[in-house]
>>> print(open('upload-v6.txt').read())   # compact mmCIF, C-alpha atoms and all ligand atoms
# COMPACT_ATOMS: atom_id res chain seq x y z
CA MET B 689 -0.79 47.82 11.29
CA THR B 690 -0.56 46.20 14.72
CA ASN B 691 1.41 48.43 17.09
CA LEU B 692 3.78 46.71 19.45
CA TYR B 693 4.43 47.60 23.10
CA GLY B 694 6.36 45.69 25.72
CA LEU B 695 8.04 45.27 29.07
CA ILE B 696 11.77 45.03 29.74
CA GLY B 697 13.17 43.56 32.93
CA GLU B 698 15.59 40.90 34.10
CA LYS B 699 13.12 38.20 35.20
CA LEU B 700 9.57 38.40 33.89
CA GLY B 701 8.19 34.94 34.52
CA HIS B 702 5.83 36.32 37.21
CA SER B 703 4.56 39.27 35.18
CA ILE B 704 0.83 39.79 34.60
CA SER B 705 1.38 43.01 32.65
CA LYS B 706 0.58 41.44 29.29
CA ALA B 707 -2.87 40.36 30.53
CA ILE B 708 -3.64 43.93 31.67
CA HIS B 709 -2.53 45.59 28.41
CA VAL B 710 -4.16 43.03 26.12
CA ASP B 711 -7.42 43.38 28.05
CA LEU B 712 -7.31 47.16 27.50
CA PHE B 713 -6.54 46.75 23.77
CA LYS B 714 -9.62 44.52 23.43
CA ARG B 715 -11.90 46.87 25.37
CA LEU B 716 -10.80 49.97 23.43
CA LYS B 717 -10.43 48.14 20.08
CA ILE B 718 -6.78 49.19 19.79
CA ASP B 719 -4.89 47.13 17.19
CA ALA B 720 -1.83 46.35 19.30
CA ASP B 721 0.11 43.64 21.09
CA TYR B 722 2.31 43.60 24.25
CA LYS B 723 5.38 41.42 24.65
CA LEU B 724 7.75 40.60 27.47
CA PHE B 725 11.50 41.07 26.85
CA GLU B 726 13.78 39.49 29.44
CA ILE B 727 17.16 41.22 29.22
CA GLU B 728 20.38 40.40 31.02
CA LYS B 729 22.17 43.27 32.78
CA LEU B 730 25.18 43.42 30.45
CA GLU B 731 22.97 43.50 27.37
CA LEU B 732 20.60 46.27 28.45
CA LYS B 733 21.95 49.12 26.30
CA ALA B 734 22.33 47.00 23.14
CA ARG B 735 18.88 45.34 23.48
CA PHE B 736 17.26 48.68 24.27
CA ASN B 737 18.68 50.16 21.03
CA GLU B 738 17.51 47.10 19.07
CA LEU B 739 13.97 47.48 20.43
CA LYS B 740 13.99 51.22 19.72
CA ASP B 741 15.02 50.60 16.10
CA SER B 742 12.47 47.80 15.64
CA GLY B 743 9.55 50.25 15.50
CA LEU B 744 8.10 49.58 18.96
CA LYS B 745 5.71 52.33 20.14
CA GLY B 746 6.38 52.09 23.84
CA LEU B 747 8.00 50.15 26.64
CA ASN B 748 7.46 49.55 30.32
CA VAL B 749 10.54 49.06 32.46
CA THR B 750 10.76 46.93 35.58
CA ILE B 751 13.27 45.54 38.11
CA PRO B 752 16.22 46.19 37.98
CA TYR B 753 16.34 48.75 35.13
CA LYS B 754 14.13 51.64 36.28
CA VAL B 755 17.07 53.83 37.25
CA GLU B 756 19.61 52.72 34.64
CA ALA B 757 17.17 53.25 31.77
CA THR B 758 17.05 56.99 32.56
CA ASN B 759 20.54 57.24 31.03
CA PHE B 760 19.36 56.13 27.58
CA LEU B 761 16.55 58.61 27.06
CA ASP B 762 16.29 61.93 25.22
CA GLU B 763 13.79 63.50 27.65
CA ILE B 764 12.44 62.71 31.11
CA SER B 765 9.19 63.98 32.64
CA GLU B 766 9.24 66.23 35.69
CA GLU B 767 7.89 63.56 38.09
CA ALA B 768 10.41 60.99 36.82
CA LYS B 769 13.26 63.48 37.25
CA LYS B 770 12.26 64.12 40.87
CA ILE B 771 11.93 60.38 41.53
CA GLY B 772 15.13 59.45 39.67
CA ALA B 773 13.55 56.43 37.99
CA ILE B 774 11.27 55.67 35.01
CA ASN B 775 8.94 52.78 34.24
CA THR B 776 7.47 53.96 30.93
CA ILE B 777 9.13 54.96 27.66
CA CYS B 778 7.39 56.57 24.68
CA PHE B 779 9.06 56.33 21.26
CA ARG B 780 7.97 59.29 19.17
CA ASP B 781 9.54 61.03 16.14
CA ASN B 782 12.71 59.01 16.59
CA LYS B 783 13.06 60.31 20.17
CA THR B 784 12.64 58.62 23.57
CA PHE B 785 10.63 60.08 26.48
CA GLY B 786 10.67 58.62 30.01
CA HIS B 787 7.89 58.78 32.61
CA ASN B 788 7.16 57.27 36.01
CA THR B 789 3.60 55.95 36.13
CA ASP B 790 4.23 54.05 39.42
CA TYR B 791 3.81 57.46 41.06
CA PHE B 792 0.29 57.81 39.60
CA GLY B 793 -0.55 54.14 40.17
CA PHE B 794 0.26 54.51 43.86
CA ALA B 795 -1.87 57.68 44.04
CA LYS B 796 -4.85 55.93 42.39
CA MET B 797 -4.56 52.96 44.75
CA LEU B 798 -4.64 55.25 47.81
CA ASN B 799 -7.55 57.29 46.46
CA LYS B 800 -9.52 54.17 45.56
CA ASN B 801 -9.15 52.93 49.13
CA SER B 802 -9.69 56.35 50.78
CA ILE B 803 -6.27 56.40 52.43
CA GLU B 804 -5.44 59.98 53.42
CA ILE B 805 -1.84 61.22 53.28
CA LYS B 806 -2.03 64.92 54.09
CA GLY B 807 -0.91 65.55 57.68
CA LYS B 808 -0.24 61.82 58.32
CA THR B 809 2.79 59.88 59.56
CA ILE B 810 3.80 57.23 57.04
CA VAL B 811 6.41 54.47 57.44
CA ILE B 812 7.91 52.89 54.30
CA LEU B 813 9.75 49.56 54.42
CA GLY B 814 12.61 49.03 51.93
CA ALA B 815 14.78 51.64 50.22
CA GLY B 816 14.52 50.38 46.62
CA GLY B 817 13.16 51.66 43.32
CA ALA B 818 9.47 51.51 44.19
CA ALA B 819 10.04 53.41 47.45
CA LYS B 820 11.40 56.32 45.38
CA ALA B 821 8.09 56.89 43.58
CA VAL B 822 6.09 56.23 46.77
CA ILE B 823 8.10 58.70 48.86
CA GLN B 824 7.94 61.40 46.19
CA TYR B 825 4.16 61.04 46.10
CA LEU B 826 3.93 61.19 49.91
CA ILE B 827 6.02 64.37 50.00
CA ASP B 828 4.01 65.97 47.18
CA SER B 829 0.81 65.07 49.09
CA ASN B 830 1.99 66.89 52.24
CA ALA B 831 2.46 63.95 54.60
CA LYS B 832 3.40 65.23 58.07
CA ARG B 833 6.25 62.74 58.57
CA VAL B 834 7.76 60.19 56.18
CA ILE B 835 10.04 57.56 57.74
CA LEU B 836 12.00 55.13 55.58
CA VAL B 837 13.08 51.82 57.15
CA SER B 838 16.14 50.13 55.65
CA ARG B 839 18.46 47.26 56.51
CA ASP B 840 21.35 49.46 55.38
CA THR B 841 20.74 53.02 56.54
CA SER B 842 23.97 54.50 55.16
CA LYS B 843 23.31 53.19 51.65
CA ALA B 844 19.70 54.36 51.90
CA ALA B 845 20.88 57.83 52.99
CA GLU B 846 22.92 58.12 49.77
CA ASN B 847 19.88 57.33 47.62
CA PHE B 848 17.22 59.17 49.64
CA LYS B 849 18.66 62.59 50.43
CA GLY B 850 16.78 64.58 53.06
CA ILE B 851 14.53 61.67 54.13
CA GLU B 852 14.29 60.43 57.73
CA ILE B 853 15.85 56.95 57.67
CA ILE B 854 15.87 54.33 60.45
CA ASP B 855 16.71 50.64 60.72
CA TYR B 856 14.38 47.80 61.77
CA THR B 857 15.52 47.98 65.43
CA GLN B 858 14.66 51.67 65.63
CA LEU B 859 11.24 50.93 64.13
CA GLU B 860 10.37 49.18 67.42
CA TYR B 861 10.59 52.59 69.17
CA ILE B 862 8.48 54.56 66.71
CA PRO B 863 5.15 55.32 68.40
CA ALA B 864 1.83 54.80 66.63
CA GLY B 865 1.67 56.02 63.02
CA ASP B 866 -1.01 56.28 60.37
CA VAL B 867 0.08 54.16 57.39
CA ILE B 868 2.77 51.49 56.93
CA VAL B 869 3.76 50.70 53.32
CA ASN B 870 5.67 47.56 52.35
CA CYS B 871 8.02 48.42 49.47
CA THR B 872 10.17 45.31 49.95
CA PRO B 873 9.65 42.06 48.00
CA VAL B 874 9.37 40.15 51.31
CA GLY B 875 6.27 37.93 51.29
CA MET B 876 6.06 37.76 47.51
CA TYR B 877 5.35 34.42 45.80
CA PRO B 878 6.85 31.82 46.31
CA ASN B 879 8.12 33.03 49.75
CA THR B 880 4.62 33.69 51.04
CA HIS B 881 5.40 32.74 54.67
CA ASN B 882 7.71 35.74 55.12
CA CYS B 883 6.77 39.13 56.54
CA PRO B 884 9.12 42.16 56.63
CA VAL B 885 8.15 43.24 60.20
CA ASN B 886 6.69 41.70 63.35
CA GLU B 887 3.06 41.93 64.42
CA ASN B 888 3.65 44.65 67.07
CA ASN B 889 5.10 46.94 64.44
CA ILE B 890 2.15 46.44 62.13
CA ALA B 891 -0.52 46.76 64.83
CA LYS B 892 0.50 50.32 65.77
CA PHE B 893 -0.75 51.72 62.43
CA ASN B 894 -4.26 52.44 61.11
CA ALA B 895 -3.66 51.20 57.57
CA ALA B 896 -1.25 48.83 55.82
CA VAL B 897 -0.41 48.99 52.13
CA ASP B 898 1.59 46.26 50.37
CA LEU B 899 2.93 46.92 46.88
CA ILE B 900 3.02 43.15 46.35
CA TYR B 901 0.03 41.70 44.43
CA ASN B 902 1.06 38.02 44.29
CA PRO B 903 -0.16 36.56 46.59
CA TYR B 904 -3.32 38.65 46.64
CA GLU B 905 -3.07 38.82 50.45
CA THR B 906 0.47 38.68 51.83
CA LEU B 907 1.26 37.61 55.40
CA PHE B 908 1.90 41.32 56.12
CA LEU B 909 -1.69 42.14 55.05
CA LYS B 910 -3.15 39.10 56.84
CA ILE B 911 -1.57 40.30 60.11
CA ALA B 912 -2.75 43.86 59.43
CA LYS B 913 -6.33 42.69 58.86
CA LYS B 914 -6.27 40.55 62.00
CA ASN B 915 -5.31 43.66 63.97
CA GLY B 916 -8.13 45.74 62.49
CA LEU B 917 -6.07 47.82 60.04
CA LYS B 918 -7.41 48.84 56.66
CA SER B 919 -5.32 46.69 54.31
CA VAL B 920 -4.63 47.21 50.62
CA ASN B 921 -2.57 45.15 48.15
CA GLY B 922 -0.62 46.37 45.09
CA LEU B 923 -2.91 45.07 42.34
CA TYR B 924 -4.86 48.28 41.78
CA MET B 925 -1.55 50.18 41.62
CA LEU B 926 -0.25 47.71 39.02
CA VAL B 927 -3.33 48.08 36.83
CA SER B 928 -3.39 51.88 37.22
CA GLN B 929 0.26 52.36 36.32
CA ALA B 930 -0.21 50.15 33.24
CA ILE B 931 -3.26 52.10 32.08
CA TYR B 932 -1.50 55.40 32.62
CA SER B 933 1.31 54.12 30.36
CA GLU B 934 -1.33 53.39 27.71
CA GLU B 935 -2.71 56.92 28.09
CA LEU B 936 0.76 58.32 27.41
CA TRP B 937 1.49 56.00 24.46
CA ASN B 938 -1.87 56.47 22.74
CA ASP B 939 -2.66 60.02 23.85
CA ILE B 940 -6.03 58.90 25.28
CA HIS B 941 -7.95 59.15 28.55
CA VAL B 942 -9.11 55.84 30.02
CA ASP B 943 -12.17 56.05 32.24
CA GLU B 944 -11.83 54.78 35.82
CA THR B 945 -14.68 52.31 35.22
CA ILE B 946 -12.46 50.56 32.64
CA ILE B 947 -9.57 50.41 35.12
CA ASP B 948 -11.98 48.85 37.63
CA GLU B 949 -13.24 46.30 35.09
CA ILE B 950 -9.70 45.23 34.14
CA PHE B 951 -8.79 45.02 37.84
CA ASN B 952 -11.85 42.88 38.61
CA ASN B 953 -11.16 40.66 35.60
CA LEU B 954 -7.63 39.71 36.71
CA LYS B 955 -7.13 36.24 38.13
CA ILE B 956 -4.30 36.08 40.68
P1 LIG B 1001 13.94 46.67 44.72
O1 LIG B 1001 14.47 47.87 44.02
O2 LIG B 1001 14.60 45.37 44.55
O3 LIG B 1001 13.94 47.12 46.25
C1 LIG B 1001 13.30 46.55 47.28
C2 LIG B 1001 13.97 46.95 48.60
O4 LIG B 1001 13.45 46.08 49.57
C3 LIG B 1001 15.47 46.78 48.63
O5 LIG B 1001 16.14 47.90 48.18
C4 LIG B 1001 15.72 46.47 50.11
O6 LIG B 1001 15.83 47.69 50.85
C5 LIG B 1001 14.44 45.79 50.55
N1 LIG B 1001 14.64 44.34 50.60
C6 LIG B 1001 15.00 43.50 49.60
N2 LIG B 1001 15.10 42.24 50.05
C7 LIG B 1001 14.81 42.28 51.37
C8 LIG B 1001 14.78 41.30 52.40
N3 LIG B 1001 15.04 40.01 52.15
N4 LIG B 1001 14.45 41.70 53.65
C9 LIG B 1001 14.16 42.99 53.91
N5 LIG B 1001 14.21 43.96 52.98
C10 LIG B 1001 14.53 43.61 51.72
O7 LIG B 1001 12.43 46.42 44.32
P2 LIG B 1001 11.32 47.52 44.00
O8 LIG B 1001 11.31 47.81 42.55
O9 LIG B 1001 11.48 48.64 44.95
O10 LIG B 1001 9.99 46.69 44.30
C11 LIG B 1001 9.68 46.32 45.62
C12 LIG B 1001 8.37 45.55 45.65
O11 LIG B 1001 7.31 46.34 45.15
C13 LIG B 1001 8.40 44.29 44.75
O12 LIG B 1001 7.70 43.27 45.41
C14 LIG B 1001 7.67 44.75 43.50
O13 LIG B 1001 7.06 43.67 42.84
C15 LIG B 1001 6.64 45.69 44.11
N6 LIG B 1001 6.15 46.69 43.15
C16 LIG B 1001 4.84 46.70 42.89
C17 LIG B 1001 4.33 47.66 42.02
C18 LIG B 1001 2.87 47.68 41.75
O14 LIG B 1001 2.45 48.31 40.78
N7 LIG B 1001 2.05 47.06 42.58
C19 LIG B 1001 5.17 48.61 41.42
C20 LIG B 1001 6.52 48.55 41.74
C21 LIG B 1001 7.01 47.59 42.59
P3 LIG B 1001 16.91 47.88 52.03
O15 LIG B 1001 18.18 47.27 51.50
O16 LIG B 1001 16.92 49.33 52.17
O17 LIG B 1001 16.41 47.18 53.23
>>> encode(input="upload-v6.txt", output="C-alpha cells")
Amino acid sequence: MTNLYGLIGEKLGHSISKAIHVDLFKRLKIDADYKLFEIEKLELKARFNELKDSGLKGLNVTIPYKVEATNFLDEISEEAKKIGAINTICFRDNKTFGHNTDYFGFAKMLNKNSIEIKGKTIVILGAGGAAKAVIQYLIDSNAKRVILVSRDTSKAAENFKGIEIIDYTQLEYIPAGDVIVNCTPVGMYPNTHNCPVNENNIAKFNAAVDLIYNPYETLFLKIAKKNGLKSVNGLYMLVSQAIYSEELWNDIHVDETIIDEIFNNLKI
C-alpha cells in the first residue's frame, strides 16, 4: 500500500518540499507519496483531525502553524519542547508525536559549510518561528553571544525569554561579529530587491547565512559575497530537515551522500 505523507501550511504555492520527498522515495524505493495541504487559519484543528483520521503516516508543518500545532499533539520531543515549535508530526498507534527538524537542518547546513558556532558572536535577524529553532541550536552549541534583532523588541522579549534583543538602529552600534543569520522573509521571491539590513551591517561579519532558498542567492547574500564573507543559503537546511523527517517517519538512517544528491538535483 502506498503510504501518504504531506505538508500543512497556509500558502504552499512556493513549496519545493514535494520534489525533495518524492526524490527520496524514488532513491530508497519507498512506496509513498507526499501531498501539499493548504489550510486556512480557522480550519486548522478540524483539517488536522481529518488528516489524522485519513491514515496519513506523517506531516510536515510550515508557516504559520509551527507553534499552534503543538497544542494538538499527544507527545512532543525534547528539542521541540525547548524550541516551542514543531515542523514534523509522526502518526503512530493512533497517537501523534511532534518534532522540530529545522533545528537539525540548520545544524547540518552549518556543518556542511564549516561555520563554527562555539565561542562565536552571532546576530539573528527576525524574531519569528525559524529564529526559535536557530537560537536554540546556537545556545546548545555554546555560542559566546547571541543577539536577536527585531522590529518590535517588546514583543520579541515576550517570545524569546533570556535572549539579548536589540532593534535595527542598535544593530548599527554592534561592533564586528562572526556570523549574521537572516531569519526574516525579506528578499524572498518575488521581492528579490529587498534586503533586511544595509551593507555596513553585513560587512562587519565573517559569514552570512540566509534561511531563504528562493532566490538561490538573495540580495543579502550577494552583498555578503561582495564584501568577502562566506555566504550560505537555506537550501541545504531545507533538504536536511525534510530528510530528517523521513528518518523519523520511516525509522531509517539516510546517508549524507543521498542528502547531497537530492540537494544537487534540485532546480531553483
Ligand atoms: P515568520 O514566523 O513569519 O517570522 C519571520 C520574522 O521576520 C518575523 O517574526 C519578523 O520579526 C521578521 N519580519 C517579517 N517581515 C519583515 C519585514 N518586512 N521586515 C523586517 N523583518 C520582517 O517566518 P519564519 O517561519 O520564521 O521563516 C522566516 C524565513 O525563513 C522565511 O523566509 C522562511 O521561508 C525561511 N525558512 C527557511 C527554512 C529552511 O529550511 N531553509 C526553514 C524555516 C524557515 P520581527 O517582527 O521581530 O522583526
>>> residues_around(input="upload-v6.txt", residues="Lys843 in chain B", least_positions_apart="6", cutoff="12 Å", atoms="only C-alpha atoms", output="compact mmCIF listing (two decimals) with C-alpha atoms, keeping the file's coordinate frame")
# COMPACT_ATOMS: atom_id res chain seq x y z
CA GLY B 814 12.61 49.03 51.93
CA ALA B 815 14.78 51.64 50.22
CA GLY B 816 14.52 50.38 46.62
CA VAL B 837 13.08 51.82 57.15
CA LYS B 849 18.66 62.59 50.43
CA ILE B 853 15.85 56.95 57.67
CA ILE B 854 15.87 54.33 60.45
CA ASP B 855 16.71 50.64 60.72
>>> residues_around(input="upload-v6.txt", residues="Gly694 in chain B", least_positions_apart="6", cutoff="6 Å", atoms="only C-alpha atoms", output="PyMOL selection string")
chain B and resi 722-724+747
>>> residues_near_ligand(input="upload-v6.txt", ligand="ligand LIG 1001 (chain B)", cutoff="8 Å", atoms="only C-alpha atoms and all ligand atoms", output="number ranges by chain")
B: 750-752, 754, 790, 793-794, 813-820, 837-841, 843-844, 870-874, 876, 884, 898-901, 921-929
>>> residues_around(input="upload-v6.txt", residues="Ala720 in chain B", least_positions_apart="4", cutoff="10 Å", atoms="all atoms listed in the file", output="tab-separated table (two decimals) with C-alpha atoms, in the frame of the given file")
chain	number	residue	atom	x	y	z
B	689	MET	CA	-0.79	47.82	11.29
B	690	THR	CA	-0.56	46.20	14.72
B	691	ASN	CA	1.41	48.43	17.09
B	692	LEU	CA	3.78	46.71	19.45
B	693	TYR	CA	4.43	47.60	23.10
B	709	HIS	CA	-2.53	45.59	28.41
B	710	VAL	CA	-4.16	43.03	26.12
B	712	LEU	CA	-7.31	47.16	27.50
B	713	PHE	CA	-6.54	46.75	23.77
B	714	LYS	CA	-9.62	44.52	23.43
B	745	LYS	CA	5.71	52.33	20.14
>>> residues_around(input="upload-v6.txt", residues="range 769-777 of chain B", least_positions_apart="3", cutoff="6 Å", atoms="all atoms listed in the file", output="PDB file with C-alpha atoms, in the frame of the given file")
ATOM      1  CA  GLY B 746       6.380  52.090  23.840  1.00  0.00           C
ATOM      2  CA  LEU B 747       8.000  50.150  26.640  1.00  0.00           C
ATOM      3  CA  ASN B 748       7.460  49.550  30.320  1.00  0.00           C
ATOM      4  CA  VAL B 749      10.540  49.060  32.460  1.00  0.00           C
ATOM      5  CA  LYS B 754      14.130  51.640  36.280  1.00  0.00           C
ATOM      6  CA  VAL B 755      17.070  53.830  37.250  1.00  0.00           C
ATOM      7  CA  GLU B 766       9.240  66.230  35.690  1.00  0.00           C
ATOM      8  CA  PHE B 785      10.630  60.080  26.480  1.00  0.00           C
ATOM      9  CA  GLY B 786      10.670  58.620  30.010  1.00  0.00           C
ATOM     10  CA  HIS B 787       7.890  58.780  32.610  1.00  0.00           C
ATOM     11  CA  ASN B 788       7.160  57.270  36.010  1.00  0.00           C
ATOM     12  CA  LYS B 820      11.400  56.320  45.380  1.00  0.00           C
ATOM     13  CA  ALA B 821       8.090  56.890  43.580  1.00  0.00           C
TER      14      ALA B 821
END
>>> atom_distance(input="upload-v6.txt", atom1="CA of Ile696 in chain B", atom2="CA of Glu756 in chain B")
12.0 Å
>>> residues_around(input="upload-v6.txt", residues="Asp741 in chain B", least_positions_apart="6", cutoff="12 Å", atoms="only C-alpha atoms", output="PyMOL selection string")
chain B and resi 734-735+779-784
>>> atom_distance(input="upload-v6.txt", atom1="CA of Asn938 in chain B", atom2="CA of Asp711 in chain B")
15.2 Å
>>> closest_residue(input="upload-v6.txt", among="B:Lys910, B:Asn902, B:Thr809, B:Tyr791", to="Ile956 in chain B", atoms="all atoms listed in the file")
B:Asn902
>>> atom_distance(input="upload-v6.txt", atom1="CA of Leu907 in chain B", atom2="CA of Asn879 in chain B")
10.0 Å
>>> closest_residue(input="upload-v6.txt", among="B:Leu744, B:Ile823, B:Val897, B:Leu936", to="Lys918 in chain B", atoms="all atoms listed in the file")
B:Val897
>>> closest_residue(input="upload-v6.txt", among="B:Phe792, B:Glu738, B:Gly875, B:Phe725", to="Ser933 in chain B", atoms="all atoms listed in the file")
B:Phe792
>>> closest_residue(input="upload-v6.txt", among="B:Ile947, B:Leu917, B:Val885, B:Ala845", to="Ala930 in chain B", atoms="all atoms listed in the file")
B:Ile947
>>> decode(input="upload-v6.txt", residues="range 903-915 of chain B", atoms="N, CA, C and O atoms", output="mmCIF file, in the first residue's frame")
data_model
loop_
_atom_site.group_PDB
_atom_site.id
_atom_site.type_symbol
_atom_site.label_atom_id
_atom_site.label_comp_id
_atom_site.auth_asym_id
_atom_site.auth_seq_id
_atom_site.Cartn_x
_atom_site.Cartn_y
_atom_site.Cartn_z
ATOM 1 N N PRO B 903 15.081 33.444 -3.944
ATOM 2 C CA PRO B 903 16.084 33.022 -4.915
ATOM 3 C C PRO B 903 17.263 32.294 -4.263
ATOM 4 O O PRO B 903 17.474 32.412 -3.055
ATOM 5 N N TYR B 904 18.013 31.596 -5.100
ATOM 6 C CA TYR B 904 19.170 30.834 -4.633
ATOM 7 C C TYR B 904 20.169 31.766 -3.940
ATOM 8 O O TYR B 904 20.759 31.421 -2.929
ATOM 9 N N GLU B 905 20.346 32.968 -4.520
ATOM 10 C CA GLU B 905 21.229 33.966 -3.882
ATOM 11 C C GLU B 905 20.438 35.249 -3.666
ATOM 12 O O GLU B 905 20.130 35.970 -4.618
ATOM 13 N N THR B 906 20.089 35.523 -2.424
ATOM 14 C CA THR B 906 19.341 36.743 -2.101
ATOM 15 C C THR B 906 20.256 37.960 -2.205
ATOM 16 O O THR B 906 21.491 37.827 -2.236
ATOM 17 N N LEU B 907 19.646 39.150 -2.190
ATOM 18 C CA LEU B 907 20.450 40.383 -2.197
ATOM 19 C C LEU B 907 21.359 40.413 -0.958
ATOM 20 O O LEU B 907 22.529 40.817 -1.035
ATOM 21 N N PHE B 908 20.843 39.970 0.174
ATOM 22 C CA PHE B 908 21.620 39.866 1.422
ATOM 23 C C PHE B 908 22.906 39.052 1.178
ATOM 24 O O PHE B 908 24.007 39.472 1.555
ATOM 25 N N LEU B 909 22.786 37.914 0.510
ATOM 26 C CA LEU B 909 23.962 37.066 0.255
ATOM 27 C C LEU B 909 24.862 37.658 -0.822
ATOM 28 O O LEU B 909 26.090 37.518 -0.754
ATOM 29 N N LYS B 910 24.248 38.335 -1.809
ATOM 30 C CA LYS B 910 25.065 38.985 -2.857
ATOM 31 C C LYS B 910 25.976 40.033 -2.221
ATOM 32 O O LYS B 910 27.165 40.120 -2.527
ATOM 33 N N ILE B 911 25.388 40.840 -1.307
ATOM 34 C CA ILE B 911 26.173 41.891 -0.633
ATOM 35 C C ILE B 911 27.251 41.247 0.243
ATOM 36 O O ILE B 911 28.402 41.704 0.294
ATOM 37 N N ALA B 912 26.882 40.171 0.923
ATOM 38 C CA ALA B 912 27.849 39.470 1.781
ATOM 39 C C ALA B 912 29.044 38.990 0.950
ATOM 40 O O ALA B 912 30.205 39.215 1.303
ATOM 41 N N LYS B 913 28.748 38.363 -0.170
ATOM 42 C CA LYS B 913 29.797 37.820 -1.043
ATOM 43 C C LYS B 913 30.723 38.936 -1.536
ATOM 44 O O LYS B 913 31.942 38.812 -1.524
ATOM 45 N N LYS B 914 30.080 40.046 -1.951
ATOM 46 C CA LYS B 914 30.847 41.193 -2.459
ATOM 47 C C LYS B 914 31.835 41.710 -1.414
ATOM 48 O O LYS B 914 32.920 42.186 -1.733
ATOM 49 N N ASN B 915 31.450 41.566 -0.141
ATOM 50 C CA ASN B 915 32.307 42.046 0.947
ATOM 51 C C ASN B 915 33.220 40.952 1.507
ATOM 52 O O ASN B 915 33.808 41.119 2.582
#
